[in-house]
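K.L.:
I'd like to ask some things about the structure below.
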Amino acid sequence: MNNNKKNKLRILHLRASNFYGGPERQLHFHAKYAKDENVDVVISSFLENSQTPEFITIILNDNIETHTFDVASAYDRSAVKKIKEYLCENNIDILCTHDYRTHFYGMFATKNIKTKWIAFSRGMTKENLKIKIFTYFEKFIIKKADHLVAVSESQKQKLIAQAVSENKITTIHNAIDISLVDNINPLSLKERFDFPHDSIVAISGGRFSEEKGQIDFVKAAEIAIEKNKYLRFVLFGDGPDVEKIKKYIHEKNLVTYIICPGFEKNILGYLKDADMLVNPSLSEGLPNIVLEAMASQIPVIATNVGGLPEIIDSGNNGILVPSENSRVLADTLLTLASDLQVQDKYKKNARQTIIDSFNFKSQNNKLINLYTQIAD
């Protein structure tokens, strides 16, 4: 620990992102809640083409300390030197990295200095060849971190399977600020997409890439629509698979029933107007949108993968279904859409689950305890 900061730890979180999505919201509210504790949390990212990342701008509005590293491109090697200089000059006790790009920088930037390094493991995407290569090497890079945080027990087991020592891993689940969810006004899905007033609307939200399972969701929706013409589906998000999904919808003449409107900044508002959320992933860490839906009392159907069984007690606060099984997902959609009593049960129990087990106060305490442990 730095001598002039014995009583107050300095923590730098580094995230390579522009969007204000689930991981960015986790950093935002951790920094907000940490203000009341004996730590200084700084949120940082990269300034590319003189453009401040959107999530940094949002966090700044909450009077949270931020920093951006000016780089020429996403893979500018000078970033390592700039990060190392910042760590030393600002008495940073711990650098926390949150994606394959920042893990690489973290390994080199903390070499031969006093700053410790914690790598957060949230799950991996396979959206293109370059990212597949980086995520392959990431498995070896993160082993060199002083400690790792897994966002679910499932993710921890994946790290152990990659030969990461178990005593170097701490599971700290994602969390939700209930007050944030409660203060957001619903936005009408039926008005925006001109759905009939008596429609039953199911939504999903996430990057359109292979592991997110959108094609399985669309095929399930196709089956369900044959039996219930009141159903409508909105798949929010963008990514490499979006055009393939749209093509399938068009070829099957489903454009009236299934909409892919792209990335949505105000997804929480639309989520609160939905009749149900579907999370059809093939693999997951601990998806924020599921936590947000449960906090908003929106019934959830999710695949039984990753950290989802750690959130959902199937039949009690939501429903788990096998991944890559459109027929079962379709049957589950139809059953839930027609059973108002079960919906009410899930709404009540899901919100209580978030209040009891996935709140920021609990998450914050675990993170601060870990910082203290690693810095000593």
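Residues are named by chain letter and number: chains run A, B, ... in the order of the structure tokens, numbers start at 1 in each chain, and ligands are numbered from 1 in the order shown.
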Which residues, written as a list of chain:residue names, have at least one atom at most 12 Å from Lys244 in chain A, with only C-alpha atoms counted and residues fewer than 3 positions away on the same chain left out?

P.N.:
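Once the adjacent positions are removed, what remains is A:Phe208, A:Ser209, A:Glu210, A:Gln214, A:Ile215, A:Val218, A:Asp238, A:Gly239, A:Pro240, A:Asp241, A:Lys247, A:Tyr248, A:Ile249, A:His250, A:Glu251, A:Cys260.
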
K.L.:
Can I get the selection written as a PDB file, in the first residue's frame, with C-alpha atoms?

P.N.:
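And here's again04.pdb as it stands now:
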```pdb
ATOM      1  CA  PHE A 208     -26.313  -9.960 -31.574  1.00  0.00           C
ATOM      2  CA  SER A 209     -23.559 -12.569 -31.594  1.00  0.00           C
ATOM      3  CA  GLU A 210     -23.564 -16.345 -31.743  1.00  0.00           C
ATOM      4  CA  GLN A 214     -31.142 -14.720 -30.763  1.00  0.00           C
ATOM      5  CA  ILE A 215     -31.749 -17.154 -33.621  1.00  0.00           C
ATOM      6  CA  VAL A 218     -36.705 -16.014 -33.162  1.00  0.00           C
ATOM      7  CA  ASP A 238     -26.842  -4.688 -32.363  1.00  0.00           C
ATOM      8  CA  GLY A 239     -23.908  -6.783 -33.497  1.00  0.00           C
ATOM      9  CA  PRO A 240     -22.492  -9.037 -36.212  1.00  0.00           C
ATOM     10  CA  ASP A 241     -25.518 -11.371 -36.409  1.00  0.00           C
ATOM     11  CA  LYS A 247     -33.128 -11.789 -43.038  1.00  0.00           C
ATOM     12  CA  TYR A 248     -34.634 -14.857 -41.371  1.00  0.00           C
ATOM     13  CA  ILE A 249     -37.539 -12.798 -40.006  1.00  0.00           C
ATOM     14  CA  HIS A 250     -38.197 -11.308 -43.450  1.00  0.00           C
ATOM     15  CA  GLU A 251     -38.005 -14.664 -45.242  1.00  0.00           C
ATOM     16  CA  CYS A 260     -35.116  -5.801 -34.287  1.00  0.00           C
TER      17      CYS A 260
END
```

K.L.:
Would you mind writing down, as a PyMOL selection string, each residue of range 233-335 of chain A that DSSP on the backbone assigns to helix (DSSP H, G or I)?

P.N.:
chain A and resi 242-251+267-271+288-295+308-310+326-335

K.L.:
Please identify all polymer residues within 10 Å of Tyr33 in chain A, counting only C-alpha atoms, omitting same-chain residues fewer than 6 positions from it, and present them as a ChimeraX atom specification.

P.N.:
/A:41,360-361,363-365

K.L.:
Rank nothing, just name the residue among A:Thr57, A:Ser17, A:Ser152, A:Ser199 nearest to Thr97 in chain A, using only C-alpha atoms.

P.N.:
A:Ser17

K.L.:
May I ask which of the residues A:Phe193, A:Arg10, A:Gly318, A:Asn228 is the closest one to Asn91 in chain A, counting only C-alpha atoms?

P.N.:
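Using only C-alpha atoms, the shortest distance to Asn91 in chain A belongs to A:Arg10.
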
K.L.:
Identify, on the basis of only C-alpha atoms, every residue whose closest approach to range 293-306 of chain A does not exceed 6 Å; exclude the query and any residue fewer than 6 positions from it along the same chain; express the result as an MDAnalysis selection string.

P.N.:
chainID A and resid 154 276:280 283:285 318:323 346:347 350:351

K.L.:
Those residues you just picked out, can you put them in a file as a CSV table (one decimal), in the first residue's frame with all heavy atoms?

P.N.:
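Output file selection.csv is given in full below:
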```
chain,number,residue,atom,x,y,z
A,154,SER,N,-20.6,-19.9,-11.7
A,154,SER,CA,-20.3,-20.6,-12.9
A,154,SER,C,-19.1,-20.1,-13.6
A,154,SER,O,-18.3,-20.9,-14.2
A,154,SER,CB,-21.6,-20.4,-13.9
A,154,SER,OG,-21.3,-20.9,-15.2
A,276,MET,N,-42.9,-9.7,-20.7
A,276,MET,CA,-41.9,-10.7,-20.2
A,276,MET,C,-40.6,-10.4,-20.9
A,276,MET,O,-40.5,-9.8,-21.9
A,276,MET,CB,-42.4,-12.2,-20.5
A,276,MET,CG,-42.5,-12.5,-21.9
A,276,MET,SD,-43.2,-14.2,-22.2
A,276,MET,CE,-45.0,-13.8,-22.0
A,277,LEU,N,-39.5,-10.9,-20.2
A,277,LEU,CA,-38.2,-10.8,-20.8
A,277,LEU,C,-37.7,-12.2,-21.1
A,277,LEU,O,-37.9,-13.1,-20.3
A,277,LEU,CB,-37.2,-10.2,-19.8
A,277,LEU,CG,-35.7,-10.2,-20.3
A,277,LEU,CD1,-35.4,-9.1,-21.2
A,277,LEU,CD2,-34.8,-10.2,-19.1
A,278,VAL,N,-37.1,-12.4,-22.3
A,278,VAL,CA,-36.5,-13.6,-22.6
A,278,VAL,C,-35.0,-13.4,-22.8
A,278,VAL,O,-34.5,-12.5,-23.5
A,278,VAL,CB,-37.1,-14.2,-23.9
A,278,VAL,CG1,-36.4,-15.5,-24.3
A,278,VAL,CG2,-38.6,-14.4,-23.8
A,279,ASN,N,-34.2,-14.3,-22.1
A,279,ASN,CA,-32.7,-14.3,-22.2
A,279,ASN,C,-32.3,-15.6,-22.8
A,279,ASN,O,-32.2,-16.6,-22.1
A,279,ASN,CB,-32.1,-14.0,-20.9
A,279,ASN,CG,-30.6,-13.6,-21.0
A,279,ASN,OD1,-30.3,-12.5,-21.0
A,279,ASN,ND2,-29.7,-14.6,-21.1
A,280,PRO,N,-32.1,-15.7,-24.1
A,280,PRO,CA,-31.9,-17.0,-24.8
A,280,PRO,C,-30.5,-17.5,-25.0
A,280,PRO,O,-30.2,-18.3,-25.8
A,280,PRO,CB,-32.6,-16.7,-26.2
A,280,PRO,CG,-32.2,-15.3,-26.4
A,280,PRO,CD,-32.2,-14.6,-25.1
A,283,SER,N,-24.4,-19.0,-23.6
A,283,SER,CA,-23.4,-18.9,-22.4
A,283,SER,C,-23.6,-17.5,-21.8
A,283,SER,O,-24.0,-16.6,-22.5
A,283,SER,CB,-22.0,-19.1,-22.9
A,283,SER,OG,-21.6,-18.1,-23.8
A,284,GLU,N,-23.4,-17.4,-20.5
A,284,GLU,CA,-23.6,-16.1,-19.8
A,284,GLU,C,-22.6,-16.0,-18.6
A,284,GLU,O,-22.2,-17.0,-18.1
A,284,GLU,CB,-25.0,-16.0,-19.3
A,284,GLU,CG,-26.0,-15.5,-20.3
A,284,GLU,CD,-25.8,-14.0,-20.7
A,284,GLU,OE1,-24.9,-13.4,-20.1
A,284,GLU,OE2,-26.6,-13.5,-21.5
A,285,GLY,N,-22.4,-14.8,-18.2
A,285,GLY,CA,-21.8,-14.5,-16.9
A,285,GLY,C,-23.0,-14.4,-15.9
A,285,GLY,O,-23.5,-15.4,-15.4
A,318,GLY,N,-39.1,-17.2,-11.7
A,318,GLY,CA,-38.8,-17.1,-13.1
A,318,GLY,C,-38.8,-18.5,-13.7
A,318,GLY,O,-39.1,-19.5,-12.9
A,319,ILE,N,-38.4,-18.6,-14.9
A,319,ILE,CA,-38.4,-20.0,-15.6
A,319,ILE,C,-37.0,-20.1,-16.3
A,319,ILE,O,-36.6,-19.3,-17.0
A,319,ILE,CB,-39.5,-20.1,-16.6
A,319,ILE,CG1,-40.9,-19.8,-16.0
A,319,ILE,CG2,-39.5,-21.6,-17.2
A,319,ILE,CD1,-42.0,-19.9,-17.0
A,320,LEU,N,-36.4,-21.3,-16.0
A,320,LEU,CA,-35.2,-21.7,-16.8
A,320,LEU,C,-35.6,-22.8,-17.8
A,320,LEU,O,-36.4,-23.7,-17.5
A,320,LEU,CB,-34.2,-22.2,-15.8
A,320,LEU,CG,-33.5,-21.3,-14.8
A,320,LEU,CD1,-32.6,-22.0,-13.9
A,320,LEU,CD2,-32.8,-20.2,-15.6
A,321,VAL,N,-35.0,-22.6,-19.0
A,321,VAL,CA,-35.3,-23.6,-20.1
A,321,VAL,C,-33.9,-24.0,-20.6
A,321,VAL,O,-32.9,-23.3,-20.5
A,321,VAL,CB,-36.1,-23.0,-21.2
A,321,VAL,CG1,-37.5,-22.7,-20.7
A,321,VAL,CG2,-35.5,-21.8,-21.8
A,322,PRO,N,-33.8,-25.2,-21.3
A,322,PRO,CA,-32.5,-25.6,-21.9
A,322,PRO,C,-32.2,-24.6,-23.1
A,322,PRO,O,-33.1,-24.1,-23.8
A,322,PRO,CB,-32.8,-27.0,-22.4
A,322,PRO,CG,-34.3,-27.1,-22.5
A,322,PRO,CD,-34.9,-26.2,-21.4
A,323,SER,N,-30.9,-24.4,-23.2
A,323,SER,CA,-30.5,-23.6,-24.4
A,323,SER,C,-30.6,-24.3,-25.7
A,323,SER,O,-30.6,-25.6,-25.7
A,323,SER,CB,-29.0,-23.1,-24.2
A,323,SER,OG,-28.1,-24.2,-24.1
A,346,TYR,N,-44.2,-14.7,-10.1
A,346,TYR,CA,-42.8,-14.5,-10.5
A,346,TYR,C,-42.5,-13.0,-10.2
A,346,TYR,O,-41.3,-12.7,-9.8
A,346,TYR,CB,-42.6,-14.8,-11.9
A,346,TYR,CG,-42.7,-16.3,-12.3
A,346,TYR,CD1,-42.9,-16.7,-13.6
A,346,TYR,CD2,-42.7,-17.2,-11.3
A,346,TYR,CE1,-42.9,-18.0,-13.9
A,346,TYR,CE2,-42.7,-18.6,-11.6
A,346,TYR,CZ,-42.9,-19.0,-12.9
A,346,TYR,OH,-43.0,-20.3,-13.2
A,347,LYS,N,-43.4,-12.1,-10.5
A,347,LYS,CA,-43.1,-10.7,-10.3
A,347,LYS,C,-42.7,-10.4,-8.8
A,347,LYS,O,-41.8,-9.7,-8.6
A,347,LYS,CB,-44.4,-9.9,-10.7
A,347,LYS,CG,-44.7,-9.8,-12.2
A,347,LYS,CD,-46.0,-9.1,-12.4
A,347,LYS,CE,-46.3,-9.1,-13.9
A,347,LYS,NZ,-47.6,-8.4,-14.1
A,350,ALA,N,-39.4,-12.4,-7.7
A,350,ALA,CA,-38.2,-11.9,-8.4
A,350,ALA,C,-37.7,-10.6,-7.8
A,350,ALA,O,-36.5,-10.5,-7.6
A,350,ALA,CB,-38.5,-11.7,-9.9
A,351,ARG,N,-38.6,-9.7,-7.6
A,351,ARG,CA,-38.2,-8.4,-7.0
A,351,ARG,C,-37.6,-8.7,-5.6
A,351,ARG,O,-36.5,-8.1,-5.2
A,351,ARG,CB,-39.3,-7.5,-6.9
A,351,ARG,CG,-38.9,-6.1,-6.3
A,351,ARG,CD,-40.1,-5.1,-6.4
A,351,ARG,NE,-39.8,-3.9,-5.7
A,351,ARG,CZ,-39.2,-2.8,-6.2
A,351,ARG,NH1,-38.8,-2.9,-7.5
A,351,ARG,NH2,-39.0,-1.7,-5.5
```

K.L.:
Which one is closest to Ile92 in chain A: A:Lys116, A:Lys265, A:Lys144, A:Lys229? Count only C-alpha atoms.

P.N.:
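Closest to Ile92 in chain A, using only C-alpha atoms: A:Lys116.
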
K.L.:
Hey, which of A:Ala220, A:Leu254, A:Val201, A:Ile354 ends up closest to Leu271 in chain A? Count only C-alpha atoms.

P.N.:
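Between A:Ala220, A:Leu254, A:Val201, A:Ile354, the residue approaching Leu271 in chain A most closely is A:Val201.
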
K.L.:
Rank A:Thr372, A:Thr102, A:Ser204, A:Ser362 by their smallest atom-to-atom distance to Asp177 in chain A, using only C-alpha atoms, and report the top residue only.

P.N.:
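Among the listed residues, A:Ser362 lies closest to Asp177 in chain A.
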
K.L.:
Per DSSP on the backbone, what are the strand (DSSP E or B) residues of range 203-362 of chain A, as a list in words?

P.N.:
Ile203, Ser204, Gly205, Leu231, Arg232, Phe233, Val234, Leu235, Phe236, Ile258, Ile259, Cys260, Pro261, Gly262, Met276, Leu277, Val278, Asn279, Val300, Ile301, Ala302, Thr303, Ser314, Gly318, Ile319, Leu320, Val321 and Asn359 of chain A

K.L.:
For Thr335 in chain A, which of A:Ala224, A:Ile118, A:Leu268, A:Val39 is the closest residue, counting only C-alpha atoms?

P.N.:
A:Ala224

K.L.:
Between CA of Gln155 in chain A and CA of Ala119 in chain A, what distance in Å does the model show, to one decimal?

P.N.:
12.8 Å

K.L.:
To one decimal place, how far is CA of Lys84 in chain A from CA of Phe69 in chain A in Å?

P.N.:
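We find that CA of Lys84 in chain A and CA of Phe69 in chain A lie 11.0 Å from each other.
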
K.L.:
For Ile160 in chain A, please output as a ChimeraX atom specification all residues within 12 Å (counting only C-alpha atoms; exclusion window: fewer than 5 positions along the same chain).

P.N.:
/A:121,139,142-143,148,150,153-155,165-170
